[in-house]
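What's in final-v1.cif: mmCIF, C-alpha atoms
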```cif
data_model
loop_
_atom_site.label_atom_id
_atom_site.label_comp_id
_atom_site.auth_asym_id
_atom_site.auth_seq_id
_atom_site.Cartn_x
_atom_site.Cartn_y
_atom_site.Cartn_z
CA MET A 1 -22.90 -20.55 18.59
CA GLY A 2 -22.03 -20.33 14.89
CA LYS A 3 -22.28 -16.53 14.90
CA ARG A 4 -20.08 -16.29 17.98
CA LYS A 5 -17.42 -18.45 16.38
CA LYS A 6 -17.46 -16.32 13.24
CA THR A 7 -17.08 -13.14 15.26
CA ASN A 8 -14.27 -14.37 17.49
CA GLY A 9 -12.43 -16.74 15.13
CA ALA A 10 -8.80 -16.30 14.17
CA GLY A 11 -9.68 -15.10 10.69
CA ALA A 12 -12.06 -12.47 12.04
CA GLN A 13 -9.46 -11.28 14.53
CA ILE A 14 -6.79 -10.95 11.84
CA LYS A 15 -9.23 -9.01 9.68
CA LYS A 16 -10.12 -6.75 12.62
CA HIS A 17 -6.46 -5.91 13.29
CA ILE A 18 -5.78 -5.15 9.63
CA LEU A 19 -8.92 -3.04 9.26
CA THR A 20 -7.99 -1.10 12.40
CA ALA A 21 -4.66 -0.24 10.78
CA ILE A 22 -6.41 0.69 7.54
CA GLY A 23 -8.72 3.01 9.46
CA TYR A 24 -5.73 4.93 10.82
CA MET A 25 -3.94 4.84 7.47
CA ILE A 26 -6.70 6.22 5.24
CA PRO A 27 -6.53 9.86 6.45
CA LEU A 28 -2.74 9.77 6.09
CA VAL A 29 -2.87 8.38 2.55
CA VAL A 30 -5.57 10.85 1.51
CA ALA A 31 -3.85 13.90 3.01
CA ALA A 32 -0.38 12.99 1.77
CA GLY A 33 -1.48 11.77 -1.64
CA LEU A 34 -3.65 14.78 -2.43
CA CYS A 35 -0.91 17.16 -1.27
CA MET A 36 1.47 15.47 -3.70
CA ALA A 37 -1.14 15.61 -6.47
CA LEU A 38 -1.84 19.30 -5.82
CA GLY A 39 1.88 19.98 -5.84
CA GLN A 40 2.19 18.38 -9.26
CA PHE A 41 -0.78 20.31 -10.61
CA ILE A 42 0.67 23.61 -9.38
CA ASP A 43 4.22 22.86 -10.53
CA GLY A 44 4.50 20.47 -13.45
CA ASP A 45 8.26 20.05 -12.83
CA VAL A 46 7.91 19.80 -9.06
CA ARG A 47 10.41 16.92 -8.72
CA ASN A 48 13.16 19.20 -10.00
CA SER A 49 12.05 22.29 -8.06
CA THR A 50 13.53 23.56 -4.81
CA SER A 51 10.87 26.05 -3.66
CA GLY A 52 7.36 27.32 -4.29
CA ILE A 53 3.87 26.32 -3.15
CA GLY A 54 3.81 23.25 -5.40
CA TRP A 55 7.13 22.03 -4.06
CA TYR A 56 6.09 22.62 -0.43
CA LEU A 57 2.91 20.60 -0.92
CA TYR A 58 4.72 17.85 -2.80
CA LYS A 59 7.39 17.54 -0.10
CA ALA A 60 4.77 17.50 2.66
CA GLY A 61 2.91 14.74 0.86
CA GLY A 62 6.16 12.82 0.39
CA PHE A 63 6.83 12.88 4.11
CA GLY A 64 3.31 11.59 4.70
CA MET A 65 3.73 8.76 2.19
CA ALA A 66 6.98 7.77 3.90
CA ALA A 67 4.94 7.20 7.07
CA VAL A 68 2.29 4.96 5.47
CA VAL A 69 4.01 1.65 6.30
CA PRO A 70 4.93 2.73 9.87
CA VAL A 71 1.31 3.70 10.49
CA ILE A 72 0.10 0.34 9.15
CA THR A 73 2.52 -1.52 11.41
CA ALA A 74 1.72 0.59 14.46
CA GLY A 75 -2.02 0.26 13.74
CA VAL A 76 -1.90 -3.54 13.65
CA ALA A 77 0.28 -3.65 16.78
CA PHE A 78 -2.06 -1.24 18.59
CA SER A 79 -5.12 -3.29 17.67
CA ILE A 80 -3.47 -6.44 19.08
CA ALA A 81 -1.70 -5.10 22.15
CA ASP A 82 -3.00 -1.58 22.77
CA ARG A 83 -0.77 1.44 23.44
CA PRO A 84 2.47 -0.43 24.33
CA GLY A 85 2.52 -1.66 20.72
CA ILE A 86 2.54 1.80 19.11
CA ALA A 87 6.19 2.80 19.63
CA PRO A 88 7.78 -0.50 18.55
CA GLY A 89 5.22 -0.70 15.75
CA LEU A 90 6.30 2.66 14.34
CA ILE A 91 9.97 1.73 14.55
CA LEU A 92 9.41 -1.64 12.86
CA GLY A 93 7.40 0.14 10.16
CA PHE A 94 10.36 2.36 9.35
CA ILE A 95 12.56 -0.75 9.26
CA CYS A 96 10.14 -2.27 6.72
CA THR A 97 10.51 0.88 4.62
CA GLU A 98 14.29 0.67 4.87
CA ILE A 99 14.46 -2.97 3.78
CA LYS A 100 11.78 -2.34 1.13
CA ALA A 101 9.28 -4.79 2.58
CA GLY A 102 6.28 -2.68 1.56
CA PHE A 103 2.87 -2.56 3.21
CA ILE A 104 2.61 -6.36 3.25
CA GLY A 105 5.83 -6.52 5.24
CA GLY A 106 4.44 -3.78 7.47
CA ILE A 107 1.37 -5.87 8.26
CA VAL A 108 3.56 -8.88 9.07
CA ALA A 109 5.74 -6.72 11.32
CA GLY A 110 2.64 -5.38 13.06
CA PHE A 111 1.54 -8.87 14.02
CA LEU A 112 5.07 -9.69 15.16
CA VAL A 113 5.17 -6.62 17.41
CA GLY A 114 1.64 -7.10 18.72
CA TYR A 115 2.11 -10.67 19.84
CA LEU A 116 5.56 -9.96 21.29
CA VAL A 117 3.95 -7.24 23.42
CA LEU A 118 1.26 -9.66 24.59
CA ALA A 119 3.95 -12.21 25.46
CA ALA A 120 5.93 -9.59 27.38
CA LYS A 121 2.83 -8.58 29.33
CA LYS A 122 2.15 -12.19 30.24
CA TYR A 123 5.61 -13.44 31.14
CA ILE A 124 7.57 -10.44 32.43
CA LYS A 125 6.86 -9.87 36.11
CA LEU A 126 8.17 -6.82 37.97
CA PRO A 127 7.67 -5.71 41.57
CA GLN A 128 4.54 -3.67 42.17
CA SER A 129 6.61 -0.53 42.67
CA MET A 130 8.03 -0.88 39.13
CA GLN A 131 4.83 -1.73 37.28
CA GLY A 132 4.59 1.81 35.96
CA LEU A 133 7.74 1.21 33.92
CA MET A 134 6.23 -1.68 31.98
CA PRO A 135 4.17 0.21 29.35
CA VAL A 136 6.53 3.17 28.92
CA MET A 137 9.99 1.59 29.07
CA VAL A 138 10.33 -2.15 29.61
CA ILE A 139 7.92 -3.43 26.95
CA PRO A 140 8.65 -0.83 24.20
CA VAL A 141 12.42 -1.22 24.56
CA LEU A 142 12.43 -5.00 24.83
CA VAL A 143 9.93 -5.58 22.01
CA THR A 144 11.64 -3.05 19.73
CA ALA A 145 15.01 -4.71 20.28
CA VAL A 146 13.78 -8.27 19.70
CA ALA A 147 11.46 -7.46 16.79
CA SER A 148 14.05 -5.27 15.05
CA VAL A 149 16.68 -8.00 15.12
CA LEU A 150 14.15 -10.55 13.85
CA MET A 151 13.05 -8.22 11.06
CA PHE A 152 16.57 -7.52 9.87
CA THR A 153 17.83 -11.09 10.12
CA VAL A 154 14.89 -13.46 9.58
CA VAL A 155 11.50 -11.96 8.77
CA GLY A 156 12.79 -9.39 6.30
CA GLN A 157 15.10 -11.74 4.40
CA PRO A 158 12.43 -13.11 2.03
CA PHE A 159 11.77 -9.56 0.83
CA ALA A 160 15.47 -8.97 0.13
CA TRP A 161 15.70 -12.31 -1.67
CA LEU A 162 12.62 -11.44 -3.71
CA GLN A 163 14.19 -8.19 -4.90
CA GLN A 164 17.35 -9.94 -6.04
CA ALA A 165 15.42 -12.66 -7.84
CA LEU A 166 13.13 -10.17 -9.58
CA THR A 167 16.03 -8.01 -10.72
CA ALA A 168 17.78 -11.02 -12.24
CA GLY A 169 14.54 -12.26 -13.78
CA ILE A 170 13.55 -9.07 -15.58
CA ALA A 171 17.13 -8.55 -16.78
CA GLY A 172 16.89 -11.93 -18.52
CA LEU A 173 13.64 -11.01 -20.26
CA GLN A 174 15.01 -8.10 -22.28
CA GLN A 175 15.87 -10.23 -25.30
CA GLY A 176 12.52 -12.02 -25.39
CA SER A 177 9.11 -11.12 -26.75
CA LYS A 178 8.23 -7.44 -26.39
CA PHE A 179 4.71 -8.30 -25.24
CA VAL A 180 5.93 -10.74 -22.59
CA PHE A 181 8.56 -8.26 -21.40
CA GLY A 182 5.98 -5.48 -21.13
CA ALA A 183 3.46 -7.79 -19.44
CA VAL A 184 5.96 -8.83 -16.77
CA LEU A 185 7.01 -5.23 -16.13
CA GLY A 186 3.38 -4.09 -15.95
CA SER A 187 2.52 -6.87 -13.50
CA MET A 188 5.45 -5.99 -11.27
CA ALA A 189 4.63 -2.28 -11.35
CA CYS A 190 1.21 -2.83 -9.80
CA PHE A 191 1.71 -6.03 -7.82
CA ASP A 192 2.30 -4.48 -4.39
CA PHE A 193 1.20 -0.87 -4.99
CA GLY A 194 4.53 0.83 -4.41
CA GLY A 195 6.18 -1.96 -2.42
CA PRO A 196 9.44 -3.86 -3.04
CA VAL A 197 8.31 -5.50 -6.29
CA ASN A 198 7.29 -2.12 -7.70
CA LYS A 199 10.52 -0.51 -6.49
CA THR A 200 12.63 -3.27 -8.07
CA MET A 201 10.91 -2.79 -11.42
CA SER A 202 11.19 1.00 -11.14
CA THR A 203 14.91 0.88 -10.42
CA PHE A 204 15.46 -1.41 -13.37
CA VAL A 205 13.53 0.66 -15.93
CA ASN A 206 14.98 3.93 -14.61
CA GLY A 207 18.42 2.52 -15.37
CA LEU A 208 17.29 1.60 -18.88
CA MET A 209 15.96 5.13 -19.39
CA ILE A 210 19.36 6.58 -18.52
CA ASP A 211 20.81 4.33 -21.23
CA GLY A 212 18.29 5.67 -23.75
CA VAL A 213 15.75 2.79 -23.63
CA ILE A 214 12.51 4.59 -22.74
CA GLU A 215 9.77 2.08 -23.65
CA PRO A 216 9.88 0.20 -20.29
CA GLU A 217 9.46 3.55 -18.50
CA ALA A 218 6.04 3.97 -20.12
CA VAL A 219 5.06 0.54 -18.79
CA LYS A 220 5.94 1.75 -15.30
CA PHE A 221 3.45 4.59 -15.75
CA ILE A 222 0.78 2.12 -16.84
CA GLY A 223 1.34 -0.29 -13.96
CA SER A 224 1.17 2.56 -11.46
CA MET A 225 -2.06 4.00 -12.88
CA VAL A 226 -4.15 0.95 -13.81
CA PRO A 227 -5.00 -0.01 -10.17
CA PRO A 228 -6.79 3.23 -9.15
CA PHE A 229 -8.53 3.62 -12.51
CA GLY A 230 -9.43 -0.07 -12.76
CA ILE A 231 -10.83 -0.27 -9.24
CA ALA A 232 -12.83 2.92 -9.87
CA ILE A 233 -14.32 1.32 -13.00
CA SER A 234 -15.18 -1.78 -10.99
CA CYS A 235 -16.91 0.37 -8.39
CA LEU A 236 -18.94 2.09 -11.11
CA LEU A 237 -19.95 -1.29 -12.56
CA THR A 238 -20.80 -2.97 -9.24
CA ARG A 239 -21.30 -0.41 -6.50
CA ASN A 240 -22.89 -3.05 -4.28
CA LYS A 241 -19.49 -4.75 -3.95
CA TYR A 242 -17.79 -1.80 -2.24
CA THR A 243 -18.29 -0.49 1.26
CA ARG A 244 -18.99 3.16 1.99
CA GLN A 245 -15.44 3.56 3.28
CA GLU A 246 -13.98 2.06 0.11
CA LYS A 247 -16.03 4.44 -2.04
CA GLU A 248 -14.77 7.38 -0.02
CA ALA A 249 -11.19 6.13 -0.39
CA LEU A 250 -11.62 5.98 -4.17
CA LYS A 251 -12.49 9.68 -4.25
CA ALA A 252 -8.90 10.34 -3.24
CA ALA A 253 -7.31 7.35 -5.00
CA VAL A 254 -8.44 8.42 -8.50
CA PRO A 255 -6.85 11.91 -8.53
CA MET A 256 -3.79 10.38 -6.89
CA GLY A 257 -3.67 7.80 -9.68
CA PHE A 258 -3.91 10.62 -12.22
CA CYS A 259 -0.58 11.78 -10.79
CA MET A 260 0.85 8.23 -10.78
CA ILE A 261 0.49 7.74 -7.02
CA THR A 262 -0.69 4.15 -6.54
CA GLU A 263 -0.73 4.05 -2.74
CA GLY A 264 -4.27 5.45 -2.61
CA VAL A 265 -5.67 1.99 -3.37
CA ILE A 266 -3.85 0.25 -0.51
CA PRO A 267 -6.80 0.62 1.91
CA ILE A 268 -9.05 -1.07 -0.66
CA ALA A 269 -6.52 -3.73 -1.66
CA ALA A 270 -5.76 -4.70 1.93
CA ARG A 271 -9.41 -5.61 2.50
CA ASP A 272 -9.54 -8.06 -0.42
CA LEU A 273 -5.89 -8.58 -1.29
CA VAL A 274 -5.95 -11.64 -3.55
CA ARG A 275 -8.84 -10.53 -5.78
CA VAL A 276 -7.65 -6.93 -6.10
CA VAL A 277 -4.04 -7.89 -6.85
CA PHE A 278 -5.12 -10.52 -9.40
CA ALA A 279 -7.38 -8.11 -11.27
CA CYS A 280 -4.80 -5.31 -11.26
CA VAL A 281 -2.04 -7.65 -12.45
CA CYS A 282 -4.21 -8.91 -15.32
CA GLY A 283 -5.07 -5.40 -16.48
CA SER A 284 -1.53 -4.06 -16.11
CA ALA A 285 0.00 -7.07 -17.84
CA VAL A 286 -2.14 -6.66 -20.95
CA ALA A 287 -1.67 -2.88 -21.02
CA GLY A 288 2.07 -3.16 -20.44
CA GLY A 289 2.44 -5.72 -23.21
CA LEU A 290 0.49 -3.56 -25.66
CA SER A 291 2.52 -0.49 -24.73
CA MET A 292 5.80 -2.30 -25.48
CA VAL A 293 4.52 -3.74 -28.77
CA TRP A 294 3.29 -0.29 -29.88
CA GLY A 295 6.63 1.28 -28.98
CA VAL A 296 5.36 3.83 -26.48
CA GLY A 297 8.25 5.59 -24.77
CA ALA A 298 8.40 7.85 -21.71
CA PRO A 299 11.39 10.22 -21.52
CA VAL A 300 10.61 11.15 -17.89
CA PRO A 301 10.42 8.91 -14.79
CA HIS A 302 7.36 10.46 -13.15
CA GLY A 303 4.51 12.93 -13.51
CA GLY A 304 1.45 10.82 -14.31
CA MET A 305 -0.96 12.09 -16.95
CA LEU A 306 0.70 15.51 -16.86
CA SER A 307 3.76 13.94 -18.52
CA VAL A 308 1.89 12.02 -21.23
CA PRO A 309 2.21 14.81 -23.87
CA LEU A 310 5.98 14.23 -23.67
CA PHE A 311 5.66 10.55 -24.62
CA THR A 312 6.67 9.30 -28.05
CA LYS A 313 3.18 7.92 -28.74
CA PRO A 314 0.80 9.52 -26.23
CA VAL A 315 -2.40 8.36 -27.96
CA GLN A 316 -1.33 4.72 -27.90
CA PHE A 317 -0.36 5.12 -24.25
CA VAL A 318 -3.83 6.38 -23.33
CA ILE A 319 -5.44 3.54 -25.30
CA ALA A 320 -3.28 0.92 -23.56
CA LEU A 321 -4.03 2.47 -20.17
CA ALA A 322 -7.77 2.48 -20.90
CA ILE A 323 -7.73 -1.16 -22.05
CA GLY A 324 -5.81 -2.26 -18.96
CA SER A 325 -8.08 -0.31 -16.62
CA ILE A 326 -11.22 -1.77 -18.18
CA ILE A 327 -9.85 -5.31 -17.98
CA CYS A 328 -8.93 -4.74 -14.33
CA GLY A 329 -12.36 -3.28 -13.54
CA VAL A 330 -14.34 -6.04 -15.24
CA ILE A 331 -12.33 -8.88 -13.69
CA LEU A 332 -12.54 -7.33 -10.23
CA SER A 333 -16.30 -6.84 -10.53
CA LEU A 334 -16.70 -10.48 -11.50
CA LEU A 335 -14.52 -11.74 -8.64
CA LYS A 336 -15.56 -9.53 -5.72
CA LYS A 337 -18.36 -10.57 -3.44
CA PRO A 338 -21.28 -8.25 -2.68
CA VAL A 339 -20.95 -6.21 0.49
CA THR A 340 -23.12 -7.32 3.38
CA GLU A 341 -24.55 -5.21 6.17
CA ALA A 342 -22.04 -6.84 8.50
CA ASP A 343 -19.21 -5.59 6.27
CA GLU A 344 -20.61 -2.06 6.38
CA ASN A 345 -20.94 -2.13 10.15
CA PHE A 346 -17.56 -3.75 10.78
CA ASP A 347 -15.58 -0.51 10.54
CA ASP A 348 -18.00 1.42 12.75
CA LEU A 349 -17.83 -1.32 15.39
CA GLY A 350 -14.04 -1.45 15.20
CA ALA A 351 -13.74 2.32 15.52
CA ALA A 352 -16.00 2.34 18.55
CA GLU A 353 -13.91 -0.35 20.20
CA ASP A 354 -10.64 1.40 19.36
CA TYR A 355 -11.72 4.68 20.90
CA GLY A 356 -13.25 2.97 23.89
CA ALA A 357 -16.78 4.11 23.17
CA ASP A 358 -19.35 2.27 25.22
CA ASP A 359 -22.81 3.82 25.54
CA GLY A 360 -21.37 7.31 25.34
CA LYS A 361 -18.75 6.73 28.05
CA ILE A 362 -15.00 6.94 27.53
CA LYS A 363 -13.00 4.10 28.96
CA VAL A 364 -9.91 4.90 31.05
CA GLU A 365 -7.33 2.19 30.47
CA THR A 366 -5.11 0.90 33.26
CA PHE A 367 -2.13 -1.24 32.47
#
```

The structure given in the file should be rewritten as structure tokens.
Amino acid sequence: MGKRKKTNGAGAQIKKHILTAIGYMIPLVVAAGLCMALGQFIDGDVRNSTSGIGWYLYKAGGFGMAAVVPVITAGVAFSIADRPGIAPGLILGFICTEIKAGFIGGIVAGFLVGYLVLAAKKYIKLPQSMQGLMPVMVIPVLVTAVASVLMFTVVGQPFAWLQQALTAGIAGLQQGSKFVFGAVLGSMACFDFGGPVNKTMSTFVNGLMIDGVIEPEAVKFIGSMVPPFGIAISCLLTRNKYTRQEKEALKAAVPMGFCMITEGVIPIAARDLVRVVFACVCGSAVAGGLSMVWGVGAPVPHGGMLSVPLFTKPVQFVIALAIGSIICGVILSLLKKPVTEADENFDDLGAAEDYGADDGKIKVETF
């Protein structure tokens, strides 16, 4: 009885829906992220280019990264409500991108869409002759309309408020301690792995760079690169605390992190959000504070390690990045729990259910 409860409980169901979305997201993140990384390796000034192989790869990867949140949202909605949840899930995911809700907002939107679809299936009754319209028109249109309005007016408002509060907060820190200022910026840069908090910090420091203040820009680099490097260090220290799928994801996340692309760690962070975020914030805060105190400056807004030779104090930057990554890795290894056989098998079981595999037979769904 206890095992059954654990398998079918609310927490296990939430985890299943999120892991389903992660399973669909990983190939997208890997393909898009590595295309962007390859583009930067081929063309060191790819962000200012307009043609060439490097630019083509970088642009292709950028389009893929723009679809990460929609895929997360659609994946969660699909896991909850099956195919009728995909279309509204994708649309809500793009809305999350527009309002800068990040992947956390995308997960929330996925649950909103999924359960709205289930409610529509249960309560909307049409004549038998019109049942065929339910999955292809009635439910997608109705759920998209209701969920979109809710996202713009209610669910998405906390994210907009958070951006405003963070912008005001970091503006007030400029006159304070350099270490505290750098620590706050570093924490924000890695907090949501490219989400609204990161974007708020990036917009702020990019504005400072235009005004000639380039030290905060270096902190942005650190906060974007500590998570993949720190998690990789943690995996090296305690391999028994990472699933096979997480180890495979790290093979792509590390070269992406080398190019300052943080999103490669999202599949790992989403599995153990609190511990991963806490460890990354600790490492980035210390590294960001040290970078500010040492006066490291970045005259460019992007480029990852390829841009480090252009920094005012590149050696100190590398030292700060290494210290932050080690702190992140050690803390995460101490906090994470060892992987169990059930954890390893969870993804395989979920994938089999998603594709309708049952003793080698393919299920044919009827609405």

Subject >> Nearby residues (all atoms listed in the file) at most 7 Å from range 312-316 of chain A, same-chain spacing under 4 positions excluded, as a ChimeraX atom specification >> reply: /A:296-298,308,320

**OP:** Run the PyMOL selection byres ((chain A and resi 180) around 10) on the file and write out the hits as a VMD selection string.
**Re:** chain A and resid 173 to 174 176 to 179 181 to 186 285 to 286 288 to 290 292 to 293

For this structure, which residues satisfy the selection - the PyMOL selection byres ((chain A and resi 268) around 12) - when it is evaluated on the file as given? I want them as a PDB file with C-alpha atoms, keeping the file's coordinate frame.
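So selection.pdb came out as:
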```pdb
ATOM      1  CA  ILE A  18      -5.780  -5.150   9.630  1.00  0.00           C
ATOM      2  CA  LEU A  19      -8.920  -3.040   9.260  1.00  0.00           C
ATOM      3  CA  ILE A  22      -6.410   0.690   7.540  1.00  0.00           C
ATOM      4  CA  GLY A  23      -8.720   3.010   9.460  1.00  0.00           C
ATOM      5  CA  MET A  25      -3.940   4.840   7.470  1.00  0.00           C
ATOM      6  CA  ILE A  26      -6.700   6.220   5.240  1.00  0.00           C
ATOM      7  CA  VAL A  29      -2.870   8.380   2.550  1.00  0.00           C
ATOM      8  CA  PHE A 193       1.200  -0.870  -4.990  1.00  0.00           C
ATOM      9  CA  PRO A 227      -5.000  -0.010 -10.170  1.00  0.00           C
ATOM     10  CA  PRO A 228      -6.790   3.230  -9.150  1.00  0.00           C
ATOM     11  CA  ILE A 231     -10.830  -0.270  -9.240  1.00  0.00           C
ATOM     12  CA  ALA A 232     -12.830   2.920  -9.870  1.00  0.00           C
ATOM     13  CA  CYS A 235     -16.910   0.370  -8.390  1.00  0.00           C
ATOM     14  CA  LYS A 241     -19.490  -4.750  -3.950  1.00  0.00           C
ATOM     15  CA  TYR A 242     -17.790  -1.800  -2.240  1.00  0.00           C
ATOM     16  CA  THR A 243     -18.290  -0.490   1.260  1.00  0.00           C
ATOM     17  CA  ARG A 244     -18.990   3.160   1.990  1.00  0.00           C
ATOM     18  CA  GLN A 245     -15.440   3.560   3.280  1.00  0.00           C
ATOM     19  CA  GLU A 246     -13.980   2.060   0.110  1.00  0.00           C
ATOM     20  CA  LYS A 247     -16.030   4.440  -2.040  1.00  0.00           C
ATOM     21  CA  GLU A 248     -14.770   7.380  -0.020  1.00  0.00           C
ATOM     22  CA  ALA A 249     -11.190   6.130  -0.390  1.00  0.00           C
ATOM     23  CA  LEU A 250     -11.620   5.980  -4.170  1.00  0.00           C
ATOM     24  CA  LYS A 251     -12.490   9.680  -4.250  1.00  0.00           C
ATOM     25  CA  ALA A 252      -8.900  10.340  -3.240  1.00  0.00           C
ATOM     26  CA  ALA A 253      -7.310   7.350  -5.000  1.00  0.00           C
ATOM     27  CA  THR A 262      -0.690   4.150  -6.540  1.00  0.00           C
ATOM     28  CA  GLU A 263      -0.730   4.050  -2.740  1.00  0.00           C
ATOM     29  CA  GLY A 264      -4.270   5.450  -2.610  1.00  0.00           C
ATOM     30  CA  VAL A 265      -5.670   1.990  -3.370  1.00  0.00           C
ATOM     31  CA  ILE A 266      -3.850   0.250  -0.510  1.00  0.00           C
ATOM     32  CA  PRO A 267      -6.800   0.620   1.910  1.00  0.00           C
ATOM     33  CA  ALA A 269      -6.520  -3.730  -1.660  1.00  0.00           C
ATOM     34  CA  ALA A 270      -5.760  -4.700   1.930  1.00  0.00           C
ATOM     35  CA  ARG A 271      -9.410  -5.610   2.500  1.00  0.00           C
ATOM     36  CA  ASP A 272      -9.540  -8.060  -0.420  1.00  0.00           C
ATOM     37  CA  LEU A 273      -5.890  -8.580  -1.290  1.00  0.00           C
ATOM     38  CA  VAL A 274      -5.950 -11.640  -3.550  1.00  0.00           C
ATOM     39  CA  ARG A 275      -8.840 -10.530  -5.780  1.00  0.00           C
ATOM     40  CA  VAL A 276      -7.650  -6.930  -6.100  1.00  0.00           C
ATOM     41  CA  VAL A 277      -4.040  -7.890  -6.850  1.00  0.00           C
ATOM     42  CA  LEU A 332     -12.540  -7.330 -10.230  1.00  0.00           C
ATOM     43  CA  LYS A 336     -15.560  -9.530  -5.720  1.00  0.00           C
TER      44      LYS A 336
END
```

Original post:
Leaving out range 141-151 of chain A and any residue of its chain fewer than 3 positions from it, which residues lie within 10 Å of it when counting all atoms listed in the file, given as a PyMOL selection string?
Top reply: chain A and resi 84-85+87-93+95-96+99+101+105+108-110+112-120+134-138+154-157

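Against the coordinates shown, the PyMOL selection byres ((chain A and resi 331) around 9) returns Ser234, Arg275, Phe278, Ala279, Cys280, Cys282, Gly283, Ile326, Ile327, Cys328, Gly329, Val330, Leu332, Ser333, Leu334, Leu335 and Lys336 of chain A.
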